[in-house]
Each structure stands twice: as structure tokens, then as C-alpha cells.
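One file, target04.cif, is given below (mmCIF, C-alpha atoms, pLDDT in the B column; chains and numbers go by the auth columns).
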```cif
data_upload
#
loop_
_atom_site.group_PDB
_atom_site.id
_atom_site.type_symbol
_atom_site.label_atom_id
_atom_site.label_comp_id
_atom_site.label_asym_id
_atom_site.label_seq_id
_atom_site.Cartn_x
_atom_site.Cartn_y
_atom_site.Cartn_z
_atom_site.B_iso_or_equiv
_atom_site.auth_seq_id
_atom_site.auth_asym_id
ATOM 1 C CA MET A 1 -117.956 35.067 -29.712 50.00 1 A
ATOM 2 C CA SER A 2 -115.468 32.860 -27.994 59.00 2 A
ATOM 3 C CA SER A 3 -112.311 31.570 -29.545 70.00 3 A
ATOM 4 C CA ASN A 4 -110.968 28.063 -29.374 84.00 4 A
ATOM 5 C CA ILE A 5 -107.451 29.207 -30.221 88.00 5 A
ATOM 6 C CA ARG A 6 -104.695 27.814 -28.037 93.00 6 A
ATOM 7 C CA ILE A 7 -101.213 29.175 -28.731 92.00 7 A
ATOM 8 C CA ASP A 8 -98.049 28.281 -26.816 95.00 8 A
ATOM 9 C CA LYS A 9 -96.230 31.539 -25.954 95.00 9 A
ATOM 10 C CA VAL A 10 -93.478 32.810 -23.704 96.00 10 A
ATOM 11 C CA CYS A 11 -94.191 35.648 -21.253 96.00 11 A
ATOM 12 C CA GLN A 12 -92.280 38.794 -22.228 95.00 12 A
ATOM 13 C CA TYR A 13 -91.744 39.751 -18.581 95.00 13 A
ATOM 14 C CA CYS A 14 -90.887 36.580 -16.675 94.00 14 A
ATOM 15 C CA GLY A 15 -90.068 34.213 -19.537 94.00 15 A
ATOM 16 C CA ALA A 16 -92.467 31.469 -18.431 96.00 16 A
ATOM 17 C CA LYS A 17 -94.303 29.357 -21.026 96.00 17 A
ATOM 18 C CA PHE A 18 -98.102 29.684 -21.089 96.00 18 A
ATOM 19 C CA ILE A 19 -101.066 28.939 -23.316 94.00 19 A
ATOM 20 C CA ALA A 20 -102.558 32.100 -24.852 94.00 20 A
ATOM 21 C CA LYS A 21 -106.186 32.320 -25.959 91.00 21 A
ATOM 22 C CA THR A 22 -105.581 35.254 -28.331 91.00 22 A
ATOM 23 C CA THR A 23 -102.848 36.097 -30.801 90.00 23 A
ATOM 24 C CA VAL A 24 -101.959 39.397 -29.133 92.00 24 A
ATOM 25 C CA THR A 25 -101.414 38.155 -25.567 94.00 25 A
ATOM 26 C CA ARG A 26 -97.910 39.036 -24.370 95.00 26 A
ATOM 27 C CA TYR A 27 -97.880 38.134 -20.669 96.00 27 A
ATOM 28 C CA CYS A 28 -98.755 35.006 -18.703 95.00 28 A
ATOM 29 C CA SER A 29 -100.785 36.803 -16.025 95.00 29 A
ATOM 30 C CA HIS A 30 -102.180 40.142 -14.974 96.00 30 A
ATOM 31 C CA THR A 31 -99.372 40.437 -12.406 96.00 31 A
ATOM 32 C CA CYS A 32 -96.683 40.178 -15.112 97.00 32 A
ATOM 33 C CA ASN A 33 -98.615 42.704 -17.192 96.00 33 A
ATOM 34 C CA LYS A 34 -98.676 45.217 -14.289 97.00 34 A
ATOM 35 C CA LYS A 35 -94.987 44.701 -13.522 97.00 35 A
ATOM 36 C CA ALA A 36 -94.026 45.164 -17.187 97.00 36 A
ATOM 37 C CA TYR A 37 -96.127 48.326 -17.363 97.00 37 A
ATOM 38 C CA LYS A 38 -94.480 49.757 -14.233 97.00 38 A
ATOM 39 C CA LEU A 39 -91.034 48.902 -15.586 97.00 39 A
ATOM 40 C CA GLU A 40 -91.847 50.646 -18.868 97.00 40 A
ATOM 41 C CA GLN A 41 -93.076 53.750 -17.010 97.00 41 A
ATOM 42 C CA ARG A 42 -89.939 53.781 -14.850 97.00 42 A
ATOM 43 C CA ASN A 43 -87.638 53.508 -17.882 97.00 43 A
ATOM 44 C CA THR A 44 -89.555 56.300 -19.611 96.00 44 A
ATOM 45 C CA LYS A 45 -89.090 58.612 -16.605 97.00 45 A
ATOM 46 C CA ILE A 46 -85.389 57.769 -16.365 96.00 46 A
ATOM 47 C CA SER A 47 -84.789 58.436 -20.059 95.00 47 A
ATOM 48 C CA TYR A 48 -86.705 61.733 -19.800 95.00 48 A
ATOM 49 C CA ALA A 49 -84.584 62.810 -16.814 93.00 49 A
ATOM 50 C CA ARG A 50 -81.378 61.923 -18.680 92.00 50 A
ATOM 51 C CA TYR A 51 -82.592 63.839 -21.733 91.00 51 A
ATOM 52 C CA ASN A 52 -83.301 66.935 -19.590 89.00 52 A
ATOM 53 C CA ALA A 53 -79.916 66.694 -17.857 86.00 53 A
ATOM 54 C CA ARG A 54 -78.149 66.478 -21.215 84.00 54 A
ATOM 55 C CA ASN A 55 -80.080 69.509 -22.501 81.00 55 A
ATOM 56 C CA ILE A 56 -79.194 71.533 -19.405 81.00 56 A
ATOM 57 C CA GLU A 57 -75.498 70.757 -19.884 73.00 57 A
ATOM 58 C CA GLU A 58 -75.696 71.810 -23.533 73.00 58 A
ATOM 59 C CA ARG A 59 -77.502 75.045 -22.685 74.00 59 A
ATOM 60 C CA GLN A 60 -74.826 76.284 -20.307 72.00 60 A
ATOM 61 C CA HIS A 61 -73.183 79.356 -21.737 65.00 61 A
ATOM 62 C CA PRO A 62 -69.452 79.877 -21.915 68.00 62 A
ATOM 63 C CA PRO A 63 -68.053 82.290 -19.328 70.00 63 A
ATOM 64 C CA VAL A 64 -68.400 85.946 -20.220 64.00 64 A
ATOM 65 C CA PRO A 65 -65.081 87.708 -20.828 77.00 65 A
ATOM 66 C CA HIS A 66 -64.082 90.678 -18.701 78.00 66 A
ATOM 67 C CA PRO A 67 -65.939 93.864 -19.619 80.00 67 A
ATOM 68 C CA VAL A 68 -64.209 96.415 -21.793 90.00 68 A
ATOM 69 C CA TYR A 69 -66.254 99.316 -20.435 92.00 69 A
ATOM 70 C CA LEU A 70 -67.157 99.961 -16.798 92.00 70 A
ATOM 71 C CA THR A 71 -69.922 101.989 -15.218 92.00 71 A
ATOM 72 C CA VAL A 72 -69.168 104.884 -12.908 93.00 72 A
ATOM 73 C CA LYS A 73 -70.187 102.791 -9.900 94.00 73 A
ATOM 74 C CA GLU A 74 -67.858 99.929 -10.909 92.00 74 A
ATOM 75 C CA THR A 75 -65.044 102.412 -11.506 93.00 75 A
ATOM 76 C CA SER A 76 -65.572 103.990 -8.085 94.00 76 A
ATOM 77 C CA ALA A 77 -65.403 100.522 -6.505 93.00 77 A
ATOM 78 C CA ILE A 78 -62.099 99.819 -8.256 92.00 78 A
ATOM 79 C CA LEU A 79 -60.623 103.214 -7.332 92.00 79 A
ATOM 80 C CA LYS A 80 -62.104 102.990 -3.807 93.00 80 A
ATOM 81 C CA CYS A 81 -63.604 106.446 -4.008 93.00 81 A
ATOM 82 C CA SER A 82 -67.053 107.983 -4.424 94.00 82 A
ATOM 83 C CA THR A 83 -68.949 108.287 -7.678 93.00 83 A
ATOM 84 C CA LYS A 84 -68.725 112.086 -7.368 95.00 84 A
ATOM 85 C CA MET A 85 -64.923 111.769 -7.432 95.00 85 A
ATOM 86 C CA VAL A 86 -65.104 109.689 -10.622 94.00 86 A
ATOM 87 C CA TYR A 87 -67.328 112.326 -12.241 93.00 87 A
ATOM 88 C CA PHE A 88 -64.848 114.983 -11.071 95.00 88 A
ATOM 89 C CA LEU A 89 -61.925 113.063 -12.666 94.00 89 A
ATOM 90 C CA ILE A 90 -63.934 112.870 -15.898 93.00 90 A
ATOM 91 C CA SER A 91 -64.776 116.583 -15.836 93.00 91 A
ATOM 92 C CA ILE A 92 -61.155 117.730 -15.343 94.00 92 A
ATOM 93 C CA GLY A 93 -59.946 115.362 -18.084 92.00 93 A
ATOM 94 C CA ARG A 94 -57.828 112.934 -16.064 93.00 94 A
ATOM 95 C CA LEU A 95 -60.170 110.073 -16.914 93.00 95 A
ATOM 96 C CA LYS A 96 -61.617 109.556 -20.373 93.00 96 A
ATOM 97 C CA ALA A 97 -65.247 108.488 -20.539 93.00 97 A
ATOM 98 C CA ILE A 98 -68.046 107.996 -23.041 92.00 98 A
ATOM 99 C CA ASN A 99 -71.417 109.524 -22.241 91.00 99 A
ATOM 100 C CA LEU A 100 -74.126 107.428 -23.917 90.00 100 A
ATOM 101 C CA SER A 101 -77.042 109.238 -22.250 86.00 101 A
ATOM 102 C CA VAL A 102 -77.914 110.977 -18.992 80.00 102 A
ATOM 103 C CA ARG A 103 -77.089 108.020 -16.741 81.00 103 A
ATOM 104 C CA LYS A 104 -74.987 105.913 -19.075 92.00 104 A
ATOM 105 C CA THR A 105 -71.421 107.049 -18.632 93.00 105 A
ATOM 106 C CA ARG A 106 -68.906 104.338 -19.469 94.00 106 A
ATOM 107 C CA ILE A 107 -65.158 104.231 -18.798 93.00 107 A
ATOM 108 C CA ASN A 108 -62.765 102.099 -20.811 92.00 108 A
ATOM 109 C CA VAL A 109 -60.708 99.701 -18.701 91.00 109 A
ATOM 110 C CA LEU A 110 -57.535 100.690 -20.540 90.00 110 A
ATOM 111 C CA ASP A 111 -58.139 104.368 -19.785 90.00 111 A
ATOM 112 C CA LEU A 112 -58.630 103.452 -16.144 89.00 112 A
ATOM 113 C CA ALA A 113 -55.315 101.583 -16.190 88.00 113 A
ATOM 114 C CA LEU A 114 -53.610 104.711 -17.586 86.00 114 A
ATOM 115 C CA LEU A 115 -54.799 106.666 -14.552 80.00 115 A
ATOM 116 C CA TYR A 116 -52.320 104.707 -12.429 73.00 116 A
#
```
Rewrite the structure of this file - the entire thing - as C-alpha cells.
Amino acid sequence: MSSNIRIDKVCQYCGAKFIAKTTVTRYCSHTCNKKAYKLEQRNTKISYARYNARNIEERQHPPVPHPVYLTVKETSAILKCSTKMVYFLISIGRLKAINLSVRKTRINVLDLALLY
């Protein structure tokens, strides 16, 4: 079924006047239709990239404060001695420590500062 409709319209991409044969025609030619489609795809990708960048900035965590408790290895690095020496200081009572389990000995930073 052919239509004898003739509607004067303006192309949504280039702005040129043309005669449309249907009521839903938006562009003057197939070329303008392709260019408008590509522009829409490009703008969609750009907005998606901006959305992701904004989400990444929001997801960044604030800096972690300095630890209150140190491991034996961290303590030995600060004291510039071996881990055996740190365990020795704990055993003779010069350095206070909390033993959470077999390999989870923690030393308070303030107690380490009192050692000096």
C-alpha cells in the first residue's frame, strides 16, 4: 500500500528542508541518518566513560591512618634488629605485646615508643 502523503520537514541532522513521504521520517537522506546514528553512539560512549570516571573518583577510599598495633616483623624493621631480638625483648618484659594466637603477636606503637 503506497502513500500519497507529502509533508514538508526539516532534517534533524543537517537542518535542510525536504519532502517526507511518511509521518515518522526524521532525516533527509540515508547519509544524514547514518551520521546522526554515529553521533548518537559516540555521545553514548562519552557519557558512559564520564559516568565510570565519576564512579571511580567516588569509590576512592580515604587514606588509612597509621596503625596502632604493629607485627613483630614491622617492629623489627623499626628497631633495625631481628625478629628473634623482638621476641627476646617481649619475653624479658622490656616490650609489652599482645599474643592473639600462635603467629599473631602485636605490639602497641606507644609501648614501642616507651622503649626509647
Contact residues around A:Tyr13 with all atoms listed in the file at 7 Å, ignoring same-chain residues under 3 positions, as a PyMOL selection string: chain A and resi 27+32+36
Just the residues within 12 Å of A:Leu112, please, counting only C-alpha atoms, with nothing from its chain fewer than 5 positions along; format it as a VMD selection string. chain A and resid 68 to 72 74 to 76 78 to 79 86 89 to 90 94 to 97 106 to 107
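Picture a line from atom CA of A:Lys84 to atom CA of A:Ala113; it runs 19.2 Å.
The space separating atom CA of A:Lys80 from atom CA of A:Tyr116 comes to 13.2 Å.
When atom CA of A:Lys21 is paired with atom CA of A:Asp8, their separation reads 9.1 Å.
Counting all atoms listed in the file and comparing A:Tyr87, A:Glu58, A:Arg6, A:Tyr37, the residue that lies closest to A:Val24 is A:Arg6.
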Can you tell me, as a ChimeraX atom specification, which residues sit within 10 Å of (-98.9, 36.2, -15.6) in the file's frame, using all atoms listed in the file? /A:11-18,26-35
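Minimum atom-to-atom distance to A:His66, evaluated using all atoms listed in the file, belongs to A:Asn108 out of A:Asn108, A:Ile7, A:Leu115, A:Ala20.
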Please rebuild stretch 39-51 of chain A with N, CA and C atoms and return the result as a PDB file, keeping the file's coordinate frame.
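Written output follows (selection20.pdb):
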```pdb
ATOM      1  N   LEU A  39     -92.417  48.839 -15.129  1.00 97.00           N
ATOM      2  CA  LEU A  39     -91.034  48.902 -15.586  1.00 97.00           C
ATOM      3  C   LEU A  39     -90.900  49.836 -16.789  1.00 97.00           C
ATOM      4  N   GLU A  40     -91.865  49.771 -17.695  1.00 97.00           N
ATOM      5  CA  GLU A  40     -91.847  50.646 -18.868  1.00 97.00           C
ATOM      6  C   GLU A  40     -91.999  52.110 -18.461  1.00 97.00           C
ATOM      7  N   GLN A  41     -92.899  52.387 -17.502  1.00 97.00           N
ATOM      8  CA  GLN A  41     -93.076  53.750 -17.010  1.00 97.00           C
ATOM      9  C   GLN A  41     -91.810  54.263 -16.324  1.00 97.00           C
ATOM     10  N   ARG A  42     -91.177  53.412 -15.546  1.00 97.00           N
ATOM     11  CA  ARG A  42     -89.939  53.781 -14.850  1.00 97.00           C
ATOM     12  C   ARG A  42     -88.845  54.113 -15.851  1.00 97.00           C
ATOM     13  N   ASN A  43     -88.669  53.266 -16.870  1.00 97.00           N
ATOM     14  CA  ASN A  43     -87.638  53.508 -17.882  1.00 97.00           C
ATOM     15  C   ASN A  43     -87.919  54.779 -18.673  1.00 97.00           C
ATOM     16  N   THR A  44     -89.194  55.071 -18.915  1.00 96.00           N
ATOM     17  CA  THR A  44     -89.555  56.300 -19.611  1.00 96.00           C
ATOM     18  C   THR A  44     -89.164  57.519 -18.780  1.00 96.00           C
ATOM     19  N   LYS A  45     -89.447  57.494 -17.484  1.00 97.00           N
ATOM     20  CA  LYS A  45     -89.090  58.612 -16.605  1.00 97.00           C
ATOM     21  C   LYS A  45     -87.580  58.793 -16.522  1.00 97.00           C
ATOM     22  N   ILE A  46     -86.850  57.695 -16.445  1.00 96.00           N
ATOM     23  CA  ILE A  46     -85.389  57.769 -16.365  1.00 96.00           C
ATOM     24  C   ILE A  46     -84.817  58.356 -17.647  1.00 96.00           C
ATOM     25  N   SER A  47     -85.308  57.907 -18.794  1.00 95.00           N
ATOM     26  CA  SER A  47     -84.789  58.436 -20.059  1.00 95.00           C
ATOM     27  C   SER A  47     -85.140  59.911 -20.224  1.00 95.00           C
ATOM     28  N   TYR A  48     -86.323  60.332 -19.741  1.00 95.00           N
ATOM     29  CA  TYR A  48     -86.705  61.733 -19.800  1.00 95.00           C
ATOM     30  C   TYR A  48     -85.800  62.585 -18.907  1.00 95.00           C
ATOM     31  N   ALA A  49     -85.476  62.073 -17.721  1.00 93.00           N
ATOM     32  CA  ALA A  49     -84.584  62.810 -16.814  1.00 93.00           C
ATOM     33  C   ALA A  49     -83.184  62.931 -17.411  1.00 93.00           C
ATOM     34  N   ARG A  50     -82.695  61.862 -18.035  1.00 92.00           N
ATOM     35  CA  ARG A  50     -81.378  61.923 -18.680  1.00 92.00           C
ATOM     36  C   ARG A  50     -81.381  62.897 -19.842  1.00 92.00           C
ATOM     37  N   TYR A  51     -82.459  62.914 -20.602  1.00 91.00           N
ATOM     38  CA  TYR A  51     -82.592  63.839 -21.733  1.00 91.00           C
ATOM     39  C   TYR A  51     -82.557  65.285 -21.237  1.00 91.00           C
TER      40      TYR A  51
END
```
